[in-house]
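What follows is upload-v1.txt (compact mmCIF, N, CA and C atoms).
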# COMPACT_ATOMS: atom_id res chain seq x y z
N MET A 1 10.42 1.57 -63.82
CA MET A 1 11.56 1.57 -62.92
C MET A 1 12.22 2.94 -62.86
N GLY A 2 12.20 3.68 -63.95
CA GLY A 2 12.76 5.02 -63.96
C GLY A 2 12.06 5.92 -62.95
N ASN A 3 10.77 5.74 -62.77
CA ASN A 3 10.01 6.54 -61.82
C ASN A 3 10.50 6.29 -60.39
N PHE A 4 10.74 5.01 -60.07
CA PHE A 4 11.24 4.68 -58.72
C PHE A 4 12.60 5.33 -58.49
N ALA A 5 13.46 5.28 -59.49
CA ALA A 5 14.80 5.87 -59.35
C ALA A 5 14.70 7.37 -59.12
N SER A 6 13.78 8.04 -59.80
CA SER A 6 13.67 9.48 -59.62
C SER A 6 13.13 9.82 -58.23
N VAL A 7 12.22 9.01 -57.72
CA VAL A 7 11.73 9.20 -56.35
C VAL A 7 12.88 8.99 -55.37
N GLY A 8 13.67 7.94 -55.59
CA GLY A 8 14.82 7.69 -54.72
C GLY A 8 15.83 8.82 -54.78
N ASP A 9 16.09 9.34 -55.95
CA ASP A 9 17.02 10.46 -56.11
C ASP A 9 16.52 11.69 -55.37
N ARG A 10 15.23 11.95 -55.49
CA ARG A 10 14.64 13.12 -54.82
C ARG A 10 14.73 12.97 -53.30
N ARG A 11 14.41 11.79 -52.80
CA ARG A 11 14.48 11.57 -51.34
C ARG A 11 15.92 11.66 -50.85
N PHE A 12 16.85 11.14 -51.64
CA PHE A 12 18.26 11.24 -51.27
C PHE A 12 18.71 12.69 -51.23
N ALA A 13 18.28 13.48 -52.20
CA ALA A 13 18.62 14.91 -52.21
C ALA A 13 18.03 15.62 -51.00
N GLN A 14 16.80 15.25 -50.62
CA GLN A 14 16.17 15.83 -49.44
C GLN A 14 16.95 15.48 -48.18
N LEU A 15 17.40 14.23 -48.09
CA LEU A 15 18.19 13.80 -46.94
C LEU A 15 19.51 14.56 -46.89
N GLU A 16 20.18 14.69 -48.02
CA GLU A 16 21.43 15.46 -48.06
C GLU A 16 21.22 16.90 -47.62
N GLN A 17 20.12 17.51 -48.08
CA GLN A 17 19.82 18.89 -47.70
C GLN A 17 19.59 18.98 -46.19
N TYR A 18 18.82 18.06 -45.64
CA TYR A 18 18.55 18.04 -44.21
C TYR A 18 19.83 17.87 -43.41
N LEU A 19 20.67 16.94 -43.81
CA LEU A 19 21.91 16.66 -43.08
C LEU A 19 22.94 17.77 -43.21
N SER A 20 22.80 18.62 -44.21
CA SER A 20 23.75 19.72 -44.38
C SER A 20 23.67 20.73 -43.23
N ASN A 21 22.63 20.63 -42.42
CA ASN A 21 22.48 21.51 -41.26
C ASN A 21 23.24 21.00 -40.04
N TYR A 22 23.84 19.82 -40.16
CA TYR A 22 24.49 19.19 -39.02
C TYR A 22 25.93 18.83 -39.36
N LEU A 23 26.74 18.75 -38.32
CA LEU A 23 28.10 18.25 -38.47
C LEU A 23 28.05 16.74 -38.34
N ILE A 24 28.47 16.04 -39.35
CA ILE A 24 28.51 14.58 -39.32
C ILE A 24 29.93 14.18 -38.98
N ILE A 25 30.10 13.51 -37.86
CA ILE A 25 31.43 13.09 -37.41
C ILE A 25 31.67 11.67 -37.90
N PRO A 26 32.73 11.48 -38.66
CA PRO A 26 32.99 10.15 -39.21
C PRO A 26 33.48 9.17 -38.14
N VAL A 27 33.20 7.92 -38.37
CA VAL A 27 33.71 6.85 -37.51
C VAL A 27 35.04 6.39 -38.08
N ASP A 28 36.04 6.32 -37.22
CA ASP A 28 37.34 5.82 -37.66
C ASP A 28 37.84 4.80 -36.64
N GLN A 29 38.98 4.24 -36.89
CA GLN A 29 39.51 3.20 -36.01
C GLN A 29 39.76 3.73 -34.60
N LEU A 30 40.25 4.96 -34.48
CA LEU A 30 40.50 5.52 -33.15
C LEU A 30 39.21 5.70 -32.36
N LEU A 31 38.15 6.10 -33.03
CA LEU A 31 36.86 6.24 -32.35
C LEU A 31 36.35 4.88 -31.90
N CYS A 32 36.52 3.87 -32.73
CA CYS A 32 36.10 2.51 -32.35
C CYS A 32 36.88 2.01 -31.14
N ARG A 33 38.16 2.30 -31.10
CA ARG A 33 38.98 1.91 -29.95
C ARG A 33 38.54 2.65 -28.69
N GLU A 34 38.24 3.94 -28.83
CA GLU A 34 37.78 4.74 -27.69
C GLU A 34 36.47 4.16 -27.16
N TRP A 35 35.57 3.79 -28.07
CA TRP A 35 34.29 3.18 -27.68
C TRP A 35 34.52 1.90 -26.89
N ALA A 36 35.39 1.04 -27.40
CA ALA A 36 35.68 -0.22 -26.73
C ALA A 36 36.28 0.02 -25.35
N GLN A 37 37.15 1.02 -25.25
CA GLN A 37 37.78 1.35 -23.96
C GLN A 37 36.74 1.84 -22.95
N VAL A 38 35.84 2.70 -23.41
CA VAL A 38 34.77 3.20 -22.52
C VAL A 38 33.93 2.03 -22.02
N ARG A 39 33.53 1.15 -22.94
CA ARG A 39 32.72 -0.01 -22.54
C ARG A 39 33.46 -0.91 -21.57
N ALA A 40 34.72 -1.20 -21.86
CA ALA A 40 35.51 -2.10 -21.01
C ALA A 40 35.73 -1.48 -19.63
N ASN A 41 36.07 -0.20 -19.58
CA ASN A 41 36.32 0.47 -18.29
C ASN A 41 35.07 0.48 -17.42
N ARG A 42 33.94 0.80 -18.02
CA ARG A 42 32.70 0.84 -17.24
C ARG A 42 32.30 -0.57 -16.79
N GLN A 43 32.50 -1.56 -17.63
CA GLN A 43 32.19 -2.95 -17.25
C GLN A 43 33.07 -3.38 -16.08
N SER A 44 34.37 -3.07 -16.17
CA SER A 44 35.31 -3.43 -15.10
C SER A 44 34.97 -2.76 -13.78
N ALA A 45 34.42 -1.54 -13.87
CA ALA A 45 34.06 -0.79 -12.67
C ALA A 45 32.70 -1.23 -12.11
N GLY A 46 32.04 -2.19 -12.80
CA GLY A 46 30.74 -2.64 -12.33
C GLY A 46 29.62 -1.66 -12.66
N ARG A 47 29.86 -0.78 -13.62
CA ARG A 47 28.88 0.21 -14.05
C ARG A 47 28.73 0.15 -15.57
N PRO A 48 28.12 -0.92 -16.08
CA PRO A 48 28.00 -1.07 -17.54
C PRO A 48 27.34 0.15 -18.18
N ILE A 49 27.73 0.42 -19.41
CA ILE A 49 27.18 1.53 -20.17
C ILE A 49 26.59 0.96 -21.46
N SER A 50 25.49 1.51 -21.90
CA SER A 50 24.86 1.03 -23.13
C SER A 50 25.78 1.32 -24.32
N PRO A 51 25.67 0.53 -25.37
CA PRO A 51 26.48 0.80 -26.55
C PRO A 51 26.25 2.21 -27.11
N GLN A 52 25.01 2.68 -27.05
CA GLN A 52 24.68 3.99 -27.58
C GLN A 52 25.35 5.09 -26.76
N ASP A 53 25.24 5.02 -25.44
CA ASP A 53 25.87 6.02 -24.58
C ASP A 53 27.39 5.96 -24.71
N ALA A 54 27.93 4.76 -24.89
CA ALA A 54 29.37 4.62 -25.08
C ALA A 54 29.82 5.33 -26.36
N TRP A 55 29.01 5.25 -27.44
CA TRP A 55 29.35 5.97 -28.68
C TRP A 55 29.36 7.47 -28.45
N ILE A 56 28.39 7.96 -27.72
CA ILE A 56 28.32 9.39 -27.44
C ILE A 56 29.55 9.83 -26.65
N ALA A 57 29.86 9.09 -25.58
CA ALA A 57 31.02 9.42 -24.74
C ALA A 57 32.32 9.29 -25.53
N ALA A 58 32.45 8.23 -26.30
CA ALA A 58 33.68 8.01 -27.07
C ALA A 58 33.89 9.10 -28.10
N THR A 59 32.82 9.55 -28.73
CA THR A 59 32.94 10.63 -29.71
C THR A 59 33.40 11.92 -29.05
N ALA A 60 32.83 12.22 -27.89
CA ALA A 60 33.26 13.42 -27.16
C ALA A 60 34.73 13.31 -26.77
N LEU A 61 35.13 12.16 -26.30
CA LEU A 61 36.54 11.97 -25.91
C LEU A 61 37.47 12.04 -27.12
N ARG A 62 37.10 11.35 -28.20
CA ARG A 62 37.95 11.28 -29.39
C ARG A 62 38.21 12.65 -29.99
N TYR A 63 37.19 13.51 -29.98
CA TYR A 63 37.32 14.83 -30.59
C TYR A 63 37.46 15.94 -29.56
N ASN A 64 37.72 15.55 -28.30
CA ASN A 64 37.95 16.51 -27.22
C ASN A 64 36.81 17.54 -27.15
N LEU A 65 35.58 17.03 -27.10
CA LEU A 65 34.39 17.86 -27.03
C LEU A 65 33.71 17.67 -25.68
N PRO A 66 33.09 18.71 -25.15
CA PRO A 66 32.28 18.51 -23.94
C PRO A 66 30.99 17.77 -24.32
N LEU A 67 30.47 17.00 -23.40
CA LEU A 67 29.23 16.27 -23.62
C LEU A 67 28.13 16.98 -22.85
N VAL A 68 27.14 17.45 -23.55
CA VAL A 68 26.01 18.15 -22.94
C VAL A 68 24.89 17.14 -22.76
N THR A 69 24.43 16.98 -21.51
CA THR A 69 23.40 15.98 -21.23
C THR A 69 22.61 16.35 -19.97
N HIS A 70 21.38 15.89 -19.94
CA HIS A 70 20.57 15.96 -18.72
C HIS A 70 20.76 14.69 -17.90
N ASN A 71 21.36 13.67 -18.50
CA ASN A 71 21.54 12.37 -17.85
C ASN A 71 23.00 12.15 -17.46
N THR A 72 23.51 12.98 -16.59
CA THR A 72 24.92 12.85 -16.21
C THR A 72 25.22 11.49 -15.60
N LYS A 73 24.25 10.89 -14.94
CA LYS A 73 24.48 9.58 -14.31
C LYS A 73 24.91 8.52 -15.32
N ASP A 74 24.48 8.69 -16.57
CA ASP A 74 24.86 7.74 -17.61
C ASP A 74 26.34 7.82 -17.99
N PHE A 75 26.98 8.93 -17.64
CA PHE A 75 28.35 9.18 -18.09
C PHE A 75 29.34 9.43 -16.96
N LEU A 76 28.92 9.22 -15.73
CA LEU A 76 29.81 9.45 -14.59
C LEU A 76 30.99 8.49 -14.62
N GLU A 77 32.08 8.94 -14.06
CA GLU A 77 33.28 8.13 -13.88
C GLU A 77 33.91 7.66 -15.19
N ILE A 78 33.76 8.46 -16.24
CA ILE A 78 34.49 8.20 -17.48
C ILE A 78 35.64 9.20 -17.50
N PRO A 79 36.88 8.70 -17.37
CA PRO A 79 38.03 9.59 -17.28
C PRO A 79 38.13 10.55 -18.47
N ASN A 80 38.47 11.78 -18.14
CA ASN A 80 38.71 12.85 -19.13
C ASN A 80 37.47 13.32 -19.88
N LEU A 81 36.29 12.85 -19.49
CA LEU A 81 35.06 13.28 -20.15
C LEU A 81 34.52 14.50 -19.44
N GLN A 82 34.39 15.59 -20.18
CA GLN A 82 33.86 16.83 -19.61
C GLN A 82 32.34 16.83 -19.82
N LEU A 83 31.60 16.85 -18.71
CA LEU A 83 30.14 16.87 -18.76
C LEU A 83 29.62 18.27 -18.51
N ILE A 84 28.62 18.66 -19.29
CA ILE A 84 27.95 19.94 -19.11
C ILE A 84 26.46 19.64 -18.98
N THR A 85 25.85 20.16 -17.93
CA THR A 85 24.43 20.01 -17.73
C THR A 85 23.77 21.37 -17.92
N PRO A 86 22.84 21.45 -18.88
CA PRO A 86 22.19 22.76 -19.13
C PRO A 86 21.37 23.21 -17.94
Could the structure of this file be written out as structure tokens, please?
Amino acid sequence: MGNFASVGDRRFAQLEQYLSNYLIIPVDQLLCREWAQVRANRQSAGRPISPQDAWIAATALRYNLPLVTHNTKDFLEIPNLQLITP
């Protein structure tokens, strides 16, 4: 069993090293509310948005970040969302 733990520890260390190259944005209650608002607004407008795209949009809105995408159609008509297309 000690061998398995050491393999797990090594893989966890590798994951931590890999993730250290990225900014990890935490999920909080305000982000969850923003996500729900994005989903509800798009549903009410007759333009449903996938849960995944709603998380992306909500994160950009919550942290006042521009959203860079090739799929602007997925994020149209979301108030206050700044879209950037490369």
*Per-residue DSSP, segment 27-85 of chain A, filtered to strand (DSSP E or B), as a ChimeraX atom specification*: /A:67-68,83-84
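In this structure, atom CA of Ile25 of chain A sits 15.4 Å away from atom C of Leu67 of chain A.
Close contacts of Thr59 of chain A, defined as residues with an atom at most 8 Å away when counting only N, CA and C atoms, with chain neighbours fewer than 6 positions off set aside, comprise Leu31, Cys32, Glu34, Trp35, Asp53, Leu65 and Pro66 of chain A.
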*Expressed in Å to a single decimal, how great is the separation between atom C of Ile84 of chain A and atom C of Ala60 of chain A?*
13.0 Å
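Shell of Arg47 of chain A at 10 Å, with only C-alpha atoms counted and residues fewer than 4 places along the chain excluded, is Arg39, Ala40, Asn41, Arg42, Gln43, Asp74, Phe75, Leu76 and Glu77 of chain A.
Note that the spacing between atom CA of Ala54 of chain A and atom CA of Ala36 of chain A amounts to 8.1 Å.
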